[in-house]
Structures are given as C-alpha cells and as structure tokens.
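Structure file start.cif (mmCIF, C-alpha atoms and all ligand atoms) follows.
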```cif
data_upload
loop_
_atom_site.label_atom_id
_atom_site.label_comp_id
_atom_site.auth_asym_id
_atom_site.auth_seq_id
_atom_site.Cartn_x
_atom_site.Cartn_y
_atom_site.Cartn_z
CA LYS F 553 212.83 163.62 -97.31
CA ALA F 554 215.79 162.30 -99.27
CA LYS F 555 214.45 163.92 -102.37
CA SER F 556 214.16 167.39 -100.89
CA GLU F 557 217.62 167.08 -99.32
CA GLY F 558 219.03 166.10 -102.70
CA ARG F 559 217.46 169.11 -104.28
CA SER F 560 218.74 171.55 -101.67
CA THR F 561 222.27 170.15 -102.02
CA TYR F 562 222.02 170.75 -105.75
CA HIS F 563 220.83 174.27 -105.04
CA PHE F 564 223.82 174.99 -102.80
CA PHE F 565 226.28 173.89 -105.44
CA GLU F 566 224.44 175.91 -108.03
CA THR F 567 224.78 179.10 -106.03
CA GLY F 568 228.42 178.36 -105.37
CA MET F 569 228.12 178.03 -101.61
CA ASP F 570 231.16 176.10 -100.48
CA ALA F 571 230.96 172.84 -98.59
CA GLU F 572 232.37 174.29 -95.40
CA LEU F 573 229.78 177.03 -95.14
CA GLN F 574 227.03 174.56 -95.98
CA GLN F 575 228.28 172.28 -93.21
CA ARG F 576 228.24 175.20 -90.80
CA ARG F 577 224.69 176.17 -91.69
CA SER F 578 223.54 172.63 -91.10
CA ILE F 579 225.30 172.46 -87.72
CA GLU F 580 223.70 175.76 -86.77
CA ALA F 581 220.20 174.63 -87.75
CA GLY F 582 220.63 171.31 -85.93
CA LEU F 583 222.09 172.93 -82.85
CA ARG F 584 219.03 175.15 -82.44
CA MET F 585 216.95 171.99 -81.99
CA ALA F 586 219.53 169.94 -80.08
CA MET F 587 218.44 170.93 -76.58
CA GLN F 588 214.71 170.31 -76.99
CA ARG F 589 215.45 167.05 -78.82
CA GLU F 590 217.70 166.02 -75.92
CA GLU F 591 220.62 165.29 -78.23
CA LEU F 592 223.23 166.77 -75.88
CA ARG F 593 224.95 164.72 -73.20
CA LEU F 594 228.02 164.82 -71.02
CA MET F 595 230.96 162.46 -70.83
CA PHE F 596 233.15 162.54 -67.72
CA GLN F 597 236.94 162.21 -67.65
CA PRO F 598 238.55 161.58 -64.25
CA LEU F 599 241.73 163.40 -63.18
CA LEU F 600 244.14 161.53 -60.94
CA GLY F 601 245.67 163.38 -57.98
CA LEU F 602 249.30 162.26 -57.75
CA GLN F 603 249.68 163.05 -54.04
CA GLU F 604 246.29 161.64 -53.09
CA ASN F 605 246.58 158.70 -55.48
CA ARG F 606 242.85 158.89 -56.21
CA VAL F 607 240.42 160.76 -58.45
CA THR F 608 240.37 164.34 -57.23
CA CYS F 609 238.37 165.91 -60.04
CA VAL F 610 236.26 164.93 -63.05
CA GLU F 611 235.96 167.06 -66.20
CA ALA F 612 232.55 167.28 -67.89
CA LEU F 613 232.90 167.09 -71.68
CA LEU F 614 230.00 167.89 -73.99
CA ARG F 615 228.81 165.57 -76.77
CA TRP F 616 226.13 166.02 -79.42
CA ASP F 617 224.38 162.97 -80.88
CA HIS F 618 223.05 164.12 -84.20
CA ASP F 619 222.15 162.39 -87.49
CA ASP F 620 223.59 158.98 -86.49
CA ARG F 621 226.94 160.35 -85.36
CA THR F 622 228.44 161.97 -82.31
CA ILE F 623 229.75 165.44 -83.03
CA SER F 624 232.73 166.63 -81.01
CA PRO F 625 232.71 169.97 -79.20
CA ALA F 626 235.68 171.12 -81.30
CA GLU F 627 233.27 171.09 -84.23
CA PHE F 628 230.12 172.60 -82.74
CA VAL F 629 231.22 174.79 -79.80
CA PRO F 630 232.60 177.49 -82.16
CA VAL F 631 229.24 177.59 -83.98
CA ALA F 632 227.40 177.68 -80.65
CA GLU F 633 229.58 180.62 -79.64
CA GLU F 634 228.96 182.58 -82.82
CA THR F 635 225.21 182.14 -82.62
CA GLY F 636 224.98 182.76 -78.88
CA LEU F 637 223.52 179.27 -78.41
CA ILE F 638 226.43 178.52 -76.06
CA VAL F 639 224.63 180.56 -73.38
CA PRO F 640 221.62 178.23 -72.90
CA ILE F 641 223.79 175.19 -73.73
CA GLY F 642 226.41 176.24 -71.19
CA GLU F 643 223.71 176.74 -68.57
CA TRP F 644 222.45 173.20 -69.25
CA VAL F 645 226.03 171.86 -68.91
CA LEU F 646 226.43 173.60 -65.53
CA HIS F 647 223.20 172.10 -64.21
CA GLU F 648 223.92 168.58 -65.52
CA ALA F 649 227.49 168.57 -64.25
CA CYS F 650 226.51 169.79 -60.76
CA LYS F 651 223.67 167.25 -60.58
CA ALA F 652 226.08 164.43 -61.46
CA ALA F 653 228.72 165.62 -58.99
CA ALA F 654 226.16 165.64 -56.18
CA THR F 655 225.90 161.83 -56.54
CA TRP F 656 229.68 161.25 -56.33
CA PRO F 657 231.79 160.72 -53.19
CA GLY F 658 232.14 164.05 -51.37
CA ASP F 659 235.82 164.66 -52.00
CA VAL F 660 235.56 164.58 -55.79
CA ARG F 661 235.15 167.88 -57.65
CA VAL F 662 233.62 168.51 -61.06
CA ALA F 663 235.23 170.72 -63.71
CA VAL F 664 233.11 172.59 -66.25
CA ASN F 665 234.45 174.36 -69.35
CA LEU F 666 233.20 177.91 -69.86
CA SER F 667 233.19 179.83 -73.11
CA PRO F 668 234.23 183.50 -73.17
CA VAL F 669 230.79 184.23 -74.63
CA GLN F 670 229.16 183.11 -71.38
CA PHE F 671 231.07 185.86 -69.57
CA ARG F 672 229.61 188.53 -71.82
CA HIS F 673 226.26 187.43 -70.52
CA LYS F 674 225.52 189.26 -67.28
CA SER F 675 223.82 186.43 -65.48
CA LEU F 676 226.74 183.97 -65.48
CA VAL F 677 227.35 184.31 -61.74
CA ALA F 678 223.62 183.89 -61.08
CA GLN F 679 223.57 180.83 -63.36
CA VAL F 680 226.41 179.21 -61.45
CA LYS F 681 224.70 179.92 -58.12
CA ALA F 682 221.42 178.49 -59.40
CA ALA F 683 223.10 175.32 -60.67
CA LEU F 684 224.85 174.74 -57.34
CA LEU F 685 221.65 175.38 -55.40
CA ALA F 686 219.50 173.14 -57.59
CA ALA F 687 221.98 170.27 -57.20
CA LYS F 688 222.66 171.04 -53.52
CA LEU F 689 226.35 171.02 -54.38
CA GLU F 690 228.89 172.91 -52.28
CA PRO F 691 230.69 175.63 -54.29
CA ILE F 692 234.05 174.14 -53.27
CA ARG F 693 233.24 171.10 -55.41
CA LEU F 694 232.96 173.10 -58.63
CA GLU F 695 235.88 174.10 -60.84
CA LEU F 696 235.41 176.37 -63.82
CA GLU F 697 237.87 176.02 -66.70
CA ILE F 698 238.57 179.05 -68.81
CA THR F 699 241.00 179.44 -71.68
CA GLU F 700 243.46 182.16 -72.40
CA SER F 701 241.20 183.56 -75.12
CA LEU F 702 238.85 184.74 -72.36
CA LEU F 703 241.47 187.02 -70.93
CA LEU F 704 242.42 188.27 -74.36
CA SER F 705 239.21 190.22 -74.30
CA GLU F 706 240.16 191.06 -70.75
CA ASN F 707 237.77 193.61 -69.38
CA GLU F 708 236.85 194.51 -65.87
CA SER F 709 233.47 192.82 -65.76
CA THR F 710 235.04 189.48 -66.73
CA ILE F 711 237.63 189.71 -63.99
CA ASP F 712 234.94 190.91 -61.55
CA ALA F 713 232.79 187.88 -62.36
CA LEU F 714 235.78 185.58 -61.78
CA HIS F 715 236.49 187.22 -58.42
CA GLU F 716 232.86 186.94 -57.41
CA LEU F 717 232.81 183.24 -58.27
CA ARG F 718 236.01 182.60 -56.43
CA ALA F 719 234.72 184.49 -53.37
CA MET F 720 231.82 182.02 -53.33
CA GLY F 721 234.35 179.20 -53.04
CA VAL F 722 234.26 178.06 -56.67
CA ARG F 723 237.70 177.23 -58.10
CA VAL F 724 238.97 178.70 -61.34
CA SER F 725 241.41 176.91 -63.66
CA LEU F 726 243.39 178.20 -66.62
CA ASP F 727 242.87 175.61 -69.38
CA ASP F 728 245.19 174.74 -72.31
CA PHE F 729 248.03 176.74 -70.76
CA GLY F 730 250.88 177.55 -73.11
CA THR F 731 248.94 177.75 -76.35
CA GLY F 732 248.16 181.48 -76.35
CA TYR F 733 250.23 184.50 -77.24
CA SER F 734 251.27 185.66 -73.83
CA SER F 735 250.39 182.98 -71.35
CA LEU F 736 252.60 184.36 -68.63
CA SER F 737 250.82 187.70 -68.44
CA TYR F 738 247.51 185.89 -67.85
CA LEU F 739 248.86 184.48 -64.64
CA ARG F 740 249.13 188.03 -63.37
CA SER F 741 245.58 189.00 -64.32
CA PHE F 742 243.85 186.58 -61.97
CA PRO F 743 244.76 184.30 -59.03
CA PHE F 744 243.92 180.97 -60.65
CA ASP F 745 243.64 177.88 -58.49
CA LYS F 746 244.95 175.56 -61.18
CA ILE F 747 247.00 175.63 -64.36
CA LYS F 748 246.22 172.94 -66.93
CA ILE F 749 249.25 172.43 -69.16
CA ASP F 750 248.14 171.90 -72.75
CA ARG F 751 248.58 168.42 -74.10
CA SER F 752 250.69 169.61 -77.03
CA PHE F 753 253.58 169.78 -74.54
CA MET F 754 253.02 166.18 -73.52
CA ALA F 755 253.22 164.80 -77.06
CA ASP F 756 256.99 165.16 -77.48
CA LEU F 757 257.90 165.17 -73.80
CA THR F 758 259.99 162.03 -73.95
CA THR F 759 261.84 162.96 -77.14
CA ARG F 760 262.44 166.67 -76.77
CA ALA F 761 264.50 168.19 -73.99
CA ASP F 762 262.93 171.63 -74.49
CA SER F 763 259.39 170.36 -73.89
CA GLN F 764 260.68 168.76 -70.72
CA ALA F 765 262.28 171.97 -69.58
CA ILE F 766 259.06 173.90 -70.27
CA ILE F 767 256.89 171.45 -68.31
CA LYS F 768 259.31 171.53 -65.41
CA ALA F 769 259.34 175.34 -65.41
CA VAL F 770 255.54 175.63 -65.59
CA ILE F 771 255.08 173.23 -62.68
CA GLY F 772 257.63 175.24 -60.68
CA LEU F 773 255.86 178.46 -61.63
CA GLY F 774 252.56 177.03 -60.40
CA GLN F 775 254.18 176.00 -57.14
CA SER F 776 255.61 179.44 -56.49
CA LEU F 777 252.31 181.13 -57.36
CA GLY F 778 250.33 178.76 -55.14
CA MET F 779 248.51 177.22 -58.12
CA SER F 780 248.18 173.49 -58.62
CA THR F 781 249.15 172.03 -62.00
CA THR F 782 247.46 169.42 -64.16
CA ALA F 783 249.24 167.70 -67.03
CA GLU F 784 246.71 167.18 -69.86
CA GLY F 785 246.95 164.43 -72.46
CA VAL F 786 249.10 161.95 -70.52
CA GLU F 787 249.04 158.84 -72.71
CA THR F 788 252.15 156.86 -71.74
CA GLU F 789 253.88 155.57 -68.61
CA GLU F 790 256.99 157.58 -69.54
CA GLN F 791 255.02 160.82 -69.65
CA LEU F 792 253.42 160.00 -66.31
CA ALA F 793 256.79 159.25 -64.71
CA MET F 794 258.20 162.50 -66.01
CA VAL F 795 255.42 164.82 -64.86
CA ARG F 796 255.32 163.03 -61.51
CA GLU F 797 259.04 163.58 -61.08
CA HIS F 798 258.63 167.28 -61.83
CA GLY F 799 255.90 167.57 -59.21
CA ALA F 800 252.63 167.96 -61.15
CA SER F 801 249.57 167.84 -58.90
CA GLU F 802 247.27 165.92 -61.24
CA VAL F 803 247.26 164.02 -64.52
CA GLN F 804 244.50 163.73 -67.09
CA GLY F 805 244.71 161.52 -70.15
CA PHE F 806 243.98 158.28 -71.91
CA LEU F 807 246.60 156.40 -69.85
CA PHE F 808 244.53 156.76 -66.70
CA SER F 809 241.10 157.00 -68.33
CA PRO F 810 239.36 158.33 -71.45
CA PRO F 811 236.12 160.31 -71.02
CA LEU F 812 233.50 157.88 -69.64
CA GLN F 813 229.73 157.49 -69.74
CA PRO F 814 228.13 158.82 -66.52
CA ALA F 815 227.38 155.33 -65.12
CA ALA F 816 230.90 154.01 -65.79
CA LEU F 817 232.40 157.07 -64.09
CA ALA F 818 230.12 156.67 -61.05
CA ASN F 819 231.16 153.01 -60.80
CA LEU F 820 234.82 153.94 -60.92
CA LEU F 821 234.41 156.55 -58.17
CA HIS F 822 232.36 154.33 -55.90
CA SER F 823 234.64 151.31 -56.23
CA GLU F 824 237.62 153.57 -55.55
CA ALA F 825 235.90 155.05 -52.47
CA ALA F 826 235.05 151.55 -51.23
CA LYS F 827 238.70 150.51 -51.56
CA VAL F 828 239.87 153.51 -49.53
CA LEU F 829 237.30 152.72 -46.83
CA ALA F 830 238.35 149.05 -46.71
CA SER F 831 242.03 149.95 -46.34
CA ARG F 832 241.19 152.37 -43.50
CA LYS F 833 239.23 149.68 -41.68
CA ALA F 834 242.07 147.20 -42.13
CA SER F 835 244.68 149.49 -40.62
P1 LIG N 901 239.64 170.64 -73.07
O1 LIG N 901 238.85 171.39 -72.06
O2 LIG N 901 241.10 170.91 -73.12
O3 LIG N 901 239.33 169.10 -72.78
C1 LIG N 901 240.27 168.07 -72.93
C2 LIG N 901 240.13 167.41 -74.27
O4 LIG N 901 241.24 166.52 -74.46
C3 LIG N 901 238.88 166.53 -74.40
O5 LIG N 901 238.48 166.57 -75.76
C4 LIG N 901 239.42 165.15 -74.05
O6 LIG N 901 238.65 164.09 -74.58
C5 LIG N 901 240.77 165.21 -74.69
N1 LIG N 901 241.74 164.29 -74.08
C6 LIG N 901 241.81 163.90 -72.79
N2 LIG N 901 242.84 163.08 -72.57
C7 LIG N 901 243.49 162.95 -73.75
C8 LIG N 901 244.65 162.21 -74.18
O7 LIG N 901 245.32 161.51 -73.42
N3 LIG N 901 244.99 162.32 -75.48
C9 LIG N 901 244.27 163.08 -76.37
N4 LIG N 901 244.69 163.10 -77.63
N5 LIG N 901 243.18 163.77 -76.00
C10 LIG N 901 242.79 163.72 -74.71
P2 LIG N 901 236.96 166.83 -76.20
O8 LIG N 901 236.02 166.16 -75.24
O9 LIG N 901 236.84 166.53 -77.65
O10 LIG N 901 236.80 168.39 -75.97
C11 LIG N 901 237.50 169.31 -76.75
C12 LIG N 901 237.34 170.71 -76.24
O11 LIG N 901 235.99 171.17 -76.38
C13 LIG N 901 237.64 170.85 -74.75
O12 LIG N 901 239.05 170.91 -74.55
C14 LIG N 901 236.93 172.15 -74.43
O13 LIG N 901 237.72 173.26 -74.77
C15 LIG N 901 235.73 172.10 -75.35
N6 LIG N 901 234.54 171.68 -74.58
C16 LIG N 901 234.16 170.44 -74.18
N7 LIG N 901 233.03 170.48 -73.45
C17 LIG N 901 232.68 171.78 -73.38
C18 LIG N 901 231.59 172.51 -72.73
O14 LIG N 901 230.72 171.94 -72.04
N8 LIG N 901 231.57 173.87 -72.90
C19 LIG N 901 232.54 174.53 -73.60
N9 LIG N 901 232.43 175.86 -73.74
N10 LIG N 901 233.55 173.89 -74.21
C20 LIG N 901 233.64 172.55 -74.09
MG MG N 902 238.91 171.78 -70.17
MG MG N 903 242.19 171.46 -71.50
MG MG N 904 243.23 171.10 -74.23
#
```
Take the structure in this file and express it as structure tokens.
Ligand code: C2E
Ligand code: MG
Ligand code: MG
Ligand code: MG
Amino acid sequence: KAKSEGRSTYHFFETGMDAELQQRRSIEAGLRMAMQREELRLMFQPLLGLQENRVTCVEALLRWDHDDRTISPAEFVPVAEETGLIVPIGEWVLHEACKAAATWPGDVRVAVNLSPVQFRHKSLVAQVKAALLAAKLEPIRLELEITESLLLSENESTIDALHELRAMGVRVSLDDFGTGYSSLSYLRSFPFDKIKIDRSFMADLTTRADSQAIIKAVIGLGQSLGMSTTAEGVETEEQLAMVREHGASEVQGFLFSPPLQPAALANLLHSEAAKVLASRKAS
C-alpha cells in the first residue's frame, strides 16, 4: 500500500497539482466512505444558562476519525458542502443528536448546526420531523443553528422552511453573530429565538472597550427583539463576569466545559439533575 501511495504522490507533484488541492481530493475521497465506515461521531458541548444556573442546552459538534487523526469540521465541512455529502451527513447528525437528547434530563435541549446546503434540499423539514419522531423527542427540545451565510442566499423557500420548523416548535438560532457583512439586517429577515455572539468578540473583551460596548449592545438588542443571547468562546472568569453583568442568557466556552464525549456529557447532566432534586427535597 505504501508503495502505491508513494507513487501517486510522485505523480501529483509531476503534474504540478498543488498540495492543497491534493489534500482536498483526499478528504473528499475519504469522506465518501466515512459514513459506512462509521468514522463520524459527535462531541457535545454544554451551554450554561445564567438565570437557571444549570445546563440549558448542549451543542452537537461533528468529528471525523480518519487515518489515525481526528479531523475538525472546519476542515471537512466545506468539502462536504461542495460535494453535497453534507446532506446525508447532516441527516445522520440530526438523528444522532436527537437520539442522544432523548436520554438526557427533560429540560435540556440539543443544538444542531445546519449547513446552507441542507436548505437547498427540499426534504430538510421532513428530515427534521423524521429525526424527532425516531428519537421520540419533543420539537421544543431541538434548536437549529444557522449562520449568516444562509441568509445571504436568502430566498423564499429557505425562510419558508425556517417558519415551518419554528411552527412545529423547533427553535432557530443565529450562529456566529457579528461576523457577516450585514448582521443587523438578518435579524429582520427571521424571528430567531437566539443570537449566538461570535467568540471573536470575547477574545479582547477585557482589554478593548469597543468590544465591550458591542457585546452590551447586542445583548440589549436581543432583549428588545425577544431573542435570548449566548456568548460563545467564554474562556476566563473576567469574560464570564462581564457577559453576566450585561445580561447574556447563556455562556458557552472552555471555562465552563469543552466539547465532551457522549458518556461524559450524560454523566454531567445526570449528576447536575440529581443535585437539583436533592436541593428541592432538602428545602
Ligand atoms: P460553531 O457552531 O460556532 O461551534 C463552536 C465552535 O467553537 C466549536 O468548534 C467549539 O469546539 C469551539 N469552542 C467552544 N468553546 C470555545 C472556547 O472557549 N474557545 C475556543 N477557542 N473555541 C471554543 P468545532 O467543534 O471545531 O466546530 C467548528 C465549526 O464547525 C462549528 O462552529 C460549526 O460551524 C461547524 N460544525 C460543527 N459540527 C457541525 C455539523 O454537525 N454540521 C455542520 N454543518 N457544521 C458543523
Ligand atoms: Mg454552532
Ligand atoms: Mg457558533
Ligand atoms: Mg463560532
């Protein structure tokens, strides 16, 4: 095997194919097999509700174990989108995430990231319904995260699909808020349930007054639009104190918890639920 790989590498160089393209081709070929080889899995990152003081939501984050390493979604999701593979992969993510959530305490929701490409596929709403039904999960426990790039290609069928999902009781969040061209106009195009403030704003929160002012304004904007706000990428106590003071609804970040293996996340949720129960009994 090593020999043939060596030869094909030589061939690529000979024809002048650059390393980046070669890398992409190999990701694409591997990705086509990833589902049947069961190389995809989900990690789960809990979000802490600041009012509730407990885990209110858990974000499902895709991982690909391939060739002795774990490939991050930042690397392979773009390739999956270009090839259309994100449609079956995204459907698998929906089913896995709903199945996991059905085993958690009943007040914890699951958040699933959707690619714009999945919206171009007509059966997205049917896929979501099927995943909820198969897992026997109430729609209210599912949040769908979409990015601003989805609304860039804003067309009626996309917005219709979002409305249909929301009418079922599914929540819709605007992810990575503040990174696009015209974030504010997106808030007018759809009544989101949640705004997730991109973590780039968190990075210099404690050193830059302007980042602080922006966070404060976005949280206020969410409040007046009836949307909850999540601060992404909270890594320090100072950042937590600051977003708490400004009234953020939830925090997500390494300070509270990194993405966890399914079993570790389930343990966290069940020990937390047990604590709440014990304190209720005591009082
Ligand atoms: P995202 O939806 O904004 O997810 C949050 C990302 O920030 C995750 O990266 C998470 O591990 C990371 N993160 C969380 N807390 C912190 C922190 O305190 N500091 C720092 N530096 N990072 C933090 P991850 O898992 O690598 O995912 C990257 C992106 O890939 C996601 O960004 C999302 O856009 C996409 N993605 C992940 N899973 C899926 C999926 O199932 N489908 C689709 N279409 N996209 C996905
Ligand atoms: Mg997300
Ligand atoms: Mg995000
Ligand atoms: Mg982000």
- Could the residues that lie within 7 Å of ligand MG 902 (chain N), counting all atoms listed in the file, be listed as a PyMOL selection string? chain F and resi 611+665+697+727
Export of prior selection with C-alpha atoms as a short mmCIF file (atom, residue, chain, number, x, y, z; two decimals), in the frame of the given file:
```
data_model
loop_
_atom_site.label_atom_id
_atom_site.label_comp_id
_atom_site.auth_asym_id
_atom_site.auth_seq_id
_atom_site.Cartn_x
_atom_site.Cartn_y
_atom_site.Cartn_z
CA GLU F 611 235.96 167.06 -66.20
CA ASN F 665 234.45 174.36 -69.35
CA GLU F 697 237.87 176.02 -66.70
CA ASP F 727 242.87 175.61 -69.38
#
```
- Any idea what the distance is between CA of Ala678 in chain F and CA of Ala663 in chain F?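 So the two atoms, CA of Ala678 in chain F and CA of Ala663 in chain F, lie 17.8 Å apart.
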- Query: Residues within 12 Å of ligand MG 903 (chain N) (all atoms listed in the file), as a ChimeraX atom specification?
  - Reply: /F:597,599,611-613,626,663-666,696-700,725-731,746-753,781-786,803-805
- Arg577 in chain F: which residues within 12 Å, counting all atoms listed in the file, same-chain residues fewer than 3 positions away excluded, as a PyMOL selection string? chain F and resi 564+569-574+580-584+628+631-632+634-635
- Looking at F:Pro743, F:Pro691, F:Gly799, F:Gly642, which one is nearest to ligand LIG 901 (chain N), with distances taken over only C-alpha atoms and all ligand atoms?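 Distance minimum relative to ligand LIG 901 (chain N) lands on F:Gly642.
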- In Å, with one decimal, what is the gap from atom N2 of ligand LIG 901 (chain N) to CA of Leu807 in chain F? 8.1 Å
- Item | Distance of CA of Phe742 in chain F from CA of Glu716 in chain F, expressed in Å to one decimal place |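 Interatomic distance, CA of Glu716 in chain F to CA of Phe742 in chain F: 11.9 Å.
Using all atoms listed in the file, the smallest distance between any of F:Leu614, F:Leu792, F:Gln588, F:Ala719 and Leu602 in chain F comes from F:Leu792.
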- Message: Under the rule that only C-alpha atoms are counted, which of F:Ile711, F:Ile771, F:Val669, F:Pro640 is the nearest residue to Tyr738 in chain F?
- Response: F:Ile711
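Taking all atoms listed in the file into account, ligand MG 904 (chain N) lies nearest to F:Pro625 out of the set F:Pro625, F:Val677, F:Gln813, F:Ser763.
Each of F:Met754, F:Ile767, F:Val607, F:Leu820 was compared to ligand LIG 901 (chain N) using all atoms listed in the file, and F:Met754 turns out to be the nearest.
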- Task: Please write as JSON, numbers by chain the list of polymer residues whose atoms come within 12 Å of (231.0, 161.7, -54.4), counting all atoms listed in the file and keeping to the coordinates of the file.
- Result: {"F": [607, 608, 609, 610, 650, 651, 652, 653, 654, 655, 656, 657, 658, 659, 660, 661, 662, 689, 690, 693, 817, 818, 819, 820, 821, 822, 823, 824, 825, 826]}
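Minimum atom-to-atom distances from F:Gln603, F:Gln679, F:Ser831, F:Thr622 to ligand LIG 901 (chain N) were compared using all atoms listed in the file, and the lowest value belongs to F:Thr622.
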How big is the axis-aligned box around all listed atoms of range 588-605 of chain F once 8 Å goes on each side, and where's its centre, in Å to one decimal, as AutoDock Vina command-line options?
```
--center_x 232.2 --center_y 164.5 --center_z -66.0 --size_x 51.0 --size_y 27.6 --size_z 41.7
```
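Remark: residues at most 6 Å from position (239.5, 181.0, -59.4) in file coordinates are Arg718, Arg723, Val724, Phe744 and Asp745 of chain F, using all atoms listed in the file.
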